[in-house]
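**Student:** Supplied structure: target.cif, mmCIF, C-alpha atoms.
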```cif
data_target
loop_
_atom_site.label_atom_id
_atom_site.label_comp_id
_atom_site.auth_asym_id
_atom_site.auth_seq_id
_atom_site.Cartn_x
_atom_site.Cartn_y
_atom_site.Cartn_z
CA MET A 2 -15.19 25.77 10.07
CA GLY A 3 -11.56 25.42 9.06
CA LEU A 4 -10.84 23.19 6.09
CA SER A 5 -7.61 21.44 5.20
CA ILE A 6 -6.61 21.59 1.53
CA LEU A 7 -5.09 18.72 -0.44
CA GLN A 8 -4.16 18.98 -4.11
CA LEU A 9 -3.96 16.43 -6.87
CA LYS A 10 -2.30 17.53 -10.09
CA SER A 11 -1.30 15.41 -13.05
CA SER A 12 1.07 16.67 -15.73
CA ARG A 13 -0.36 14.32 -18.36
CA GLN A 14 -2.53 15.69 -21.14
CA HIS A 15 -4.68 12.58 -21.48
CA LEU A 16 -6.03 11.13 -18.26
CA PHE A 17 -7.25 7.57 -18.58
CA GLY A 18 -7.17 4.25 -16.78
CA ALA A 19 -7.82 3.25 -13.18
CA SER A 20 -4.20 2.29 -12.56
CA SER A 21 -2.83 5.69 -13.58
CA ALA A 22 -5.58 7.39 -11.57
CA GLN A 23 -4.70 5.39 -8.46
CA ALA A 24 -1.03 6.21 -8.97
CA ASP A 25 -1.96 9.91 -9.02
CA MET A 26 -4.08 9.41 -5.91
CA GLU A 27 -1.48 7.57 -3.81
CA PRO A 28 0.12 10.73 -2.31
CA VAL A 29 -3.36 12.03 -1.52
CA MET A 30 -4.30 8.74 0.15
CA ARG A 31 -1.32 8.99 2.49
CA GLN A 32 -2.22 12.57 3.40
CA LEU A 33 -5.86 11.66 3.93
CA GLN A 34 -4.85 9.21 6.63
CA GLU A 35 -3.28 12.12 8.51
CA CYS A 36 -6.40 14.30 8.06
CA SER A 37 -9.05 11.74 8.95
CA ASP A 38 -10.24 13.77 11.95
CA ARG A 39 -10.98 17.00 10.05
CA SER A 40 -12.69 18.09 6.85
CA VAL A 41 -10.58 18.22 3.71
CA VAL A 42 -11.12 19.90 0.34
CA LEU A 43 -9.47 17.80 -2.37
CA ALA A 44 -8.67 20.23 -5.21
CA ILE A 45 -8.12 18.23 -8.40
CA ASP A 46 -6.22 20.39 -10.88
CA LEU A 47 -7.10 19.52 -14.48
CA SER A 48 -5.37 22.48 -16.10
CA LYS A 49 -3.01 20.22 -18.12
CA ALA A 50 -5.69 17.79 -19.22
CA GLU A 51 -6.98 17.75 -22.78
CA SER A 52 -9.12 14.66 -22.28
CA ILE A 53 -10.33 12.51 -19.39
CA THR A 54 -12.05 9.13 -19.32
CA GLY A 55 -14.66 7.58 -17.09
CA SER A 56 -12.17 5.09 -15.65
CA TYR A 57 -9.95 7.94 -14.46
CA LEU A 58 -12.90 9.87 -13.03
CA ARG A 59 -14.21 6.78 -11.21
CA ALA A 60 -10.90 6.27 -9.38
CA THR A 61 -10.40 9.93 -8.46
CA VAL A 62 -13.32 12.37 -8.33
CA LEU A 63 -16.14 9.84 -8.00
CA TRP A 64 -14.24 7.80 -5.40
CA ALA A 65 -13.67 10.93 -3.31
CA LEU A 66 -17.30 12.04 -3.67
CA LEU A 67 -18.68 8.63 -2.66
CA CYS A 68 -16.33 8.45 0.31
CA GLY A 69 -17.60 11.89 1.31
CA GLN A 70 -21.19 10.64 1.02
CA ALA A 71 -20.32 7.65 3.20
CA ASP A 72 -18.97 10.08 5.80
CA ALA A 73 -22.12 12.21 5.68
CA LYS A 74 -24.39 9.18 6.00
CA GLN A 75 -22.08 7.37 8.45
CA THR A 76 -21.87 4.35 6.17
CA PRO A 77 -19.20 1.86 7.29
CA ALA A 78 -16.29 0.96 5.01
CA SER A 79 -17.09 -1.67 2.41
CA SER A 80 -13.73 -3.37 3.09
CA LEU A 81 -11.14 -3.02 5.82
CA THR A 82 -8.30 -4.43 3.71
CA ASP A 83 -8.77 -2.90 0.25
CA PRO A 84 -7.27 0.64 0.31
CA TRP A 85 -9.49 1.62 -2.65
CA ALA A 86 -12.74 0.40 -1.14
CA LEU A 87 -15.29 3.06 -0.32
CA ARG A 88 -14.97 4.32 3.23
CA PRO A 89 -16.29 7.30 5.22
CA LEU A 90 -13.91 10.21 4.71
CA PRO A 91 -14.59 13.90 5.52
CA ILE A 92 -13.58 14.87 1.99
CA PHE A 93 -15.00 17.49 -0.38
CA PRO A 94 -13.72 17.08 -3.97
CA VAL A 95 -13.60 20.10 -6.29
CA LEU A 96 -12.12 20.57 -9.76
CA THR A 97 -9.90 23.46 -10.84
CA GLY A 98 -8.37 24.61 -14.11
CA CYS A 99 -10.78 22.70 -16.32
CA SER A 100 -11.06 23.48 -20.03
CA PRO A 101 -14.63 23.66 -21.38
CA GLU A 102 -14.05 20.43 -23.34
CA VAL A 103 -12.87 18.48 -20.29
CA ALA A 104 -15.62 20.04 -18.17
CA ASP A 105 -18.18 18.75 -20.67
CA GLU A 106 -16.77 15.22 -20.30
CA VAL A 107 -16.92 15.46 -16.51
CA HIS A 108 -20.43 16.92 -16.69
CA ASP A 109 -21.72 14.02 -18.82
CA PHE A 110 -20.07 11.43 -16.55
CA PHE A 111 -21.68 12.80 -13.39
CA ALA A 112 -25.03 13.61 -15.03
CA GLN A 113 -25.36 9.93 -15.96
CA ARG A 114 -24.95 9.11 -12.26
CA ASN A 115 -27.34 11.84 -11.12
CA LEU A 116 -24.59 13.46 -9.04
CA PRO A 117 -23.07 16.96 -8.91
CA VAL A 118 -19.43 17.96 -8.62
CA LEU A 119 -17.96 21.45 -8.28
CA LEU A 120 -15.75 23.21 -10.79
CA VAL A 121 -14.07 26.27 -9.30
CA THR A 122 -14.34 29.18 -11.74
CA GLU A 123 -13.14 32.03 -9.53
CA GLY A 124 -10.98 32.01 -6.42
CA SER A 125 -9.29 28.96 -4.94
CA PRO A 126 -10.00 26.66 -1.99
CA PRO A 127 -10.84 27.39 0.72
CA LYS A 128 -11.94 30.83 -0.55
CA ILE A 129 -14.02 29.90 -3.58
CA GLU A 130 -15.80 32.94 -5.01
CA LYS A 131 -17.67 31.21 -7.85
CA ALA A 132 -18.20 27.60 -8.83
CA ALA A 133 -20.10 25.79 -11.56
CA ILE A 134 -22.02 22.64 -10.72
CA LEU A 135 -21.23 19.89 -13.23
CA GLY A 136 -23.45 16.82 -13.47
CA ARG A 137 -26.94 17.04 -12.05
CA LEU A 138 -28.50 18.66 -8.98
CA ASP A 139 -32.18 18.57 -8.03
CA GLY A 140 -33.86 21.94 -8.61
CA PHE A 141 -35.11 22.22 -5.02
CA LEU A 142 -31.60 21.58 -3.73
CA PHE A 143 -30.19 24.23 -6.07
CA SER A 144 -32.70 26.80 -4.83
CA THR A 145 -31.84 25.85 -1.25
CA LEU A 146 -28.16 26.29 -2.04
CA ARG A 147 -28.82 29.77 -3.43
CA SER A 148 -30.83 30.70 -0.34
CA LEU A 149 -27.96 29.53 1.84
CA CYS A 150 -25.49 31.59 -0.21
CA ALA A 151 -27.63 34.68 0.35
CA LEU A 152 -27.24 34.25 4.11
CA GLY A 153 -23.63 33.09 4.08
CA GLU A 154 -24.37 30.42 6.67
CA ALA A 155 -27.57 29.25 8.32
CA THR A 156 -29.44 26.61 10.23
CA ALA A 157 -32.55 24.97 8.84
CA ALA A 158 -34.68 27.15 11.13
CA GLN A 159 -33.03 30.33 9.84
CA LEU A 160 -33.74 29.33 6.24
CA ALA A 161 -37.35 28.60 7.16
CA ASP A 162 -37.67 32.04 8.75
CA THR A 163 -36.29 33.91 5.73
CA SER A 164 -37.83 31.93 2.87
CA ASP A 165 -41.19 32.32 1.16
CA GLU A 166 -41.34 28.57 0.55
CA ARG A 167 -43.94 26.87 2.70
CA ILE A 168 -42.00 23.89 3.94
CA THR A 169 -41.26 22.82 7.49
CA VAL A 170 -38.00 23.28 9.33
CA ASN A 171 -37.58 19.51 9.03
CA GLY A 172 -37.96 19.86 5.26
CA TRP A 173 -35.19 22.46 5.16
CA SER A 174 -33.07 20.23 7.38
CA ASN A 175 -33.46 17.34 4.94
CA ARG A 176 -32.49 19.52 1.97
CA LEU A 177 -29.39 20.84 3.77
CA ALA A 178 -28.41 17.31 4.76
CA ASP A 179 -28.74 16.26 1.10
CA LEU A 180 -26.50 19.15 0.02
CA PHE A 181 -23.99 18.11 2.66
CA ALA A 182 -24.07 14.52 1.38
CA VAL A 183 -23.18 15.63 -2.16
CA ARG A 184 -20.42 17.83 -0.70
CA LEU A 185 -21.67 21.23 -1.82
CA VAL A 186 -21.87 22.59 1.73
CA THR A 187 -20.01 22.07 4.99
CA ARG A 188 -21.51 22.08 8.46
CA GLN A 189 -20.58 22.44 12.10
CA ARG A 190 -22.49 21.65 15.26
CA SER A 191 -23.75 24.47 17.47
CA GLY A 192 -25.58 22.99 20.45
CA LYS A 193 -28.34 20.80 19.03
CA TYR A 194 -28.31 22.54 15.63
CA TRP A 195 -26.20 22.22 12.49
CA ILE A 196 -24.90 25.43 10.93
CA TYR A 197 -24.39 24.98 7.17
CA SER A 198 -22.03 26.96 4.93
CA PRO A 199 -21.73 26.79 1.12
CA LEU A 200 -18.37 25.79 -0.35
CA ALA A 201 -18.53 28.78 -2.72
CA LYS A 202 -20.06 32.23 -2.46
CA LYS A 203 -21.92 31.83 -5.75
CA PHE A 204 -22.99 28.79 -7.79
CA THR A 205 -24.13 28.35 -11.36
CA LEU A 206 -25.31 25.28 -13.24
CA TRP A 207 -23.15 24.04 -16.10
CA ALA A 208 -24.96 24.70 -19.35
#
```
Show me, as structure tokens, the structure contained in the file I just sent.
**Tutor:**
Amino acid sequence: MGLSILQLKSSRQHLFGASSAQADMEPVMRQLQECSDRSVVLAIDLSKAESITGSYLRATVLWALLCGQADAKQTPASSLTDPWALRPLPIFPVLTGCSPEVADEVHDFFAQRNLPVLLVTEGSPPKIEKAAILGRLDGFLFSTLRSLCALGEATAAQLADTSDERITVNGWSNRLADLFAVRLVTRQRSGKYWIYSPLAKKFTLWA
């Protein structure tokens, strides 16, 4: 499946405050309106950042991730008038250029919310060779993600056929749908089946 790429890059060293985050996001918001009918990877470049706060993360990365979840679950917009209200958007946020110190801050923020977010460590969207998962991801979902990476792309039935785990095809389908909801995989319809693809070729968990 083809993915559109949008980039957000701030030149500031210290990223804080919802208002400055929304100012950084405004160009992206305009472009998202033009891409609402296709999937978009939002690459958030943090290469200049020396520190980042929760208020900035809430208005950028978390907002994008929750809008992506709303799209996956077909949740209606929480407001039709507020441009910053959560709404279903086919968006997949990833981080690039993160220092270990900033990555630790992002990791703690998302771990507290029991959510994962990707940090690209090799390659660049849409061809991500390696990515670290910041925050938290259920162990069964991580093992499912690794199984999917081994195949490159797969349906739930194909994973069931190749795995030693004794779970039903419906169980695999639920796991893949959960990975799609947290924006670690993409999917496309083929007849009555979904074919899932990982966003990166290889994933590791942030230590």
**Student:** If you apply the PyMOL selection byres ((chain A and resi 57-72) around 7) to this file, what residues do you get, as a list in words?
**Tutor:** Leu16, Phe17, Gly18, Ala19, Ala22, Gln23, Met26, Ile53, Thr54, Gly55, Ser56, Ala73, Lys74, Gln75, Thr76, Leu87, Arg88, Pro89, Leu90, Pro91, Ile92, Phe93, Pro94, Ala182, Val183 and Arg184 of chain A
**Student:** Per residue of stretch 144-202 of chain A within 10 Å of stretch 30-45 of chain A, record the nearest atom pair and its distance in Å to one decimal, counting only C-alpha atoms, with rows in chain order and ascending residue number, as CSV.
**Tutor:**
```
residue,atom,partner,partner_atom,distance
A:Arg184,CA,A:Val42,CA,9.6
A:Thr187,CA,A:Ser40,CA,8.5
A:Arg188,CA,A:Ser40,CA,9.8
A:Leu200,CA,A:Val42,CA,9.4
```
**Student:** List the neighbours of stretch 161-173 of chain A out to 10 Å using all atoms listed in the file; skip same-chain residues closer than 5 positions along the sequence, and give me the result as a ChimeraX atom specification.
**Tutor:** /A:142,145,148,152,155-156,178-179
**Student:** Around (-15.8, 29.2, -5.7), as given in the file, which residues come within 8 Å? Count only C-alpha atoms and list them as a short mmCIF file (atom, residue, chain, number, x, y, z; two decimals) with C-alpha atoms, keeping the file's coordinate frame.
**Tutor:**
```cif
data_model
loop_
_atom_site.label_atom_id
_atom_site.label_comp_id
_atom_site.auth_asym_id
_atom_site.auth_seq_id
_atom_site.Cartn_x
_atom_site.Cartn_y
_atom_site.Cartn_z
CA LEU A 120 -15.75 23.21 -10.79
CA VAL A 121 -14.07 26.27 -9.30
CA THR A 122 -14.34 29.18 -11.74
CA GLU A 123 -13.14 32.03 -9.53
CA GLY A 124 -10.98 32.01 -6.42
CA SER A 125 -9.29 28.96 -4.94
CA PRO A 126 -10.00 26.66 -1.99
CA LYS A 128 -11.94 30.83 -0.55
CA ILE A 129 -14.02 29.90 -3.58
CA GLU A 130 -15.80 32.94 -5.01
CA LYS A 131 -17.67 31.21 -7.85
CA ALA A 132 -18.20 27.60 -8.83
CA LEU A 200 -18.37 25.79 -0.35
CA ALA A 201 -18.53 28.78 -2.72
CA LYS A 202 -20.06 32.23 -2.46
CA LYS A 203 -21.92 31.83 -5.75
CA PHE A 204 -22.99 28.79 -7.79
#
```
**Student:** Once the PyMOL selection byres ((chain A and resi 154) around 7) is applied to the coordinates I shared, what remains selected? I want it as an mmCIF file with C-alpha atoms, keeping the file's coordinate frame.
**Tutor:**
```
data_model
loop_
_atom_site.group_PDB
_atom_site.id
_atom_site.type_symbol
_atom_site.label_atom_id
_atom_site.label_comp_id
_atom_site.auth_asym_id
_atom_site.auth_seq_id
_atom_site.Cartn_x
_atom_site.Cartn_y
_atom_site.Cartn_z
ATOM 1 C CA LEU A 149 -27.960 29.530 1.840
ATOM 2 C CA LEU A 152 -27.240 34.250 4.110
ATOM 3 C CA GLY A 153 -23.630 33.090 4.080
ATOM 4 C CA ALA A 155 -27.570 29.250 8.320
ATOM 5 C CA ILE A 196 -24.900 25.430 10.930
ATOM 6 C CA TYR A 197 -24.390 24.980 7.170
ATOM 7 C CA SER A 198 -22.030 26.960 4.930
#
```
**Student:** Convert the output of the PyMOL selection byres ((chain A and resi 13) around 9) on the shown file into explicit residues, formatted as a PyMOL selection string.
**Tutor:** chain A and resi 11-12+14-16+49-51
**Student:** Record the distance separating atom CA of A:Trp195 and atom CA of A:Leu146, expressed in Å with one decimal.
**Tutor:** 15.2 Å
**Student:** One number please: atom CA of A:Ser79 to atom CA of A:Asn115, in Å, one decimal.
**Tutor:**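 Computing it gives 21.7 Å between the two atoms.
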**Student:** What's the separation between atom CA of A:Leu177 and atom CA of A:Leu160, in Å to one decimal place?
**Tutor:** 9.9 Å
**Student:** Using all atoms listed in the file, which of the listed residues (A:Leu135, A:Leu81, A:Leu119, A:Ala158) sits closest to A:Pro199?
**Tutor:**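 Selected residue with least distance to A:Pro199: A:Leu119.
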**Student:** Rank A:Gly192, A:Pro127, A:Gly140, A:Gly98 by their smallest atom-to-atom distance to A:Arg176, using all atoms listed in the file, and report the top residue only.
**Tutor:**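 That would be A:Gly140, the residue with the smallest distance to A:Arg176.
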**Student:** Between A:Asn175, A:Ser21, A:Gln113, A:Gln8, which residue has the minimum interatomic distance to A:Thr97, considering only C-alpha atoms?
**Tutor:**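 For A:Thr97, the nearest of the candidates is A:Gln8.
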**Student:** Taking all atoms listed in the file into account, name the residue in A:Ser191, A:Ser144, A:Ser80, A:Ser52 that is nearest to A:Asp105.
**Tutor:** A:Ser52
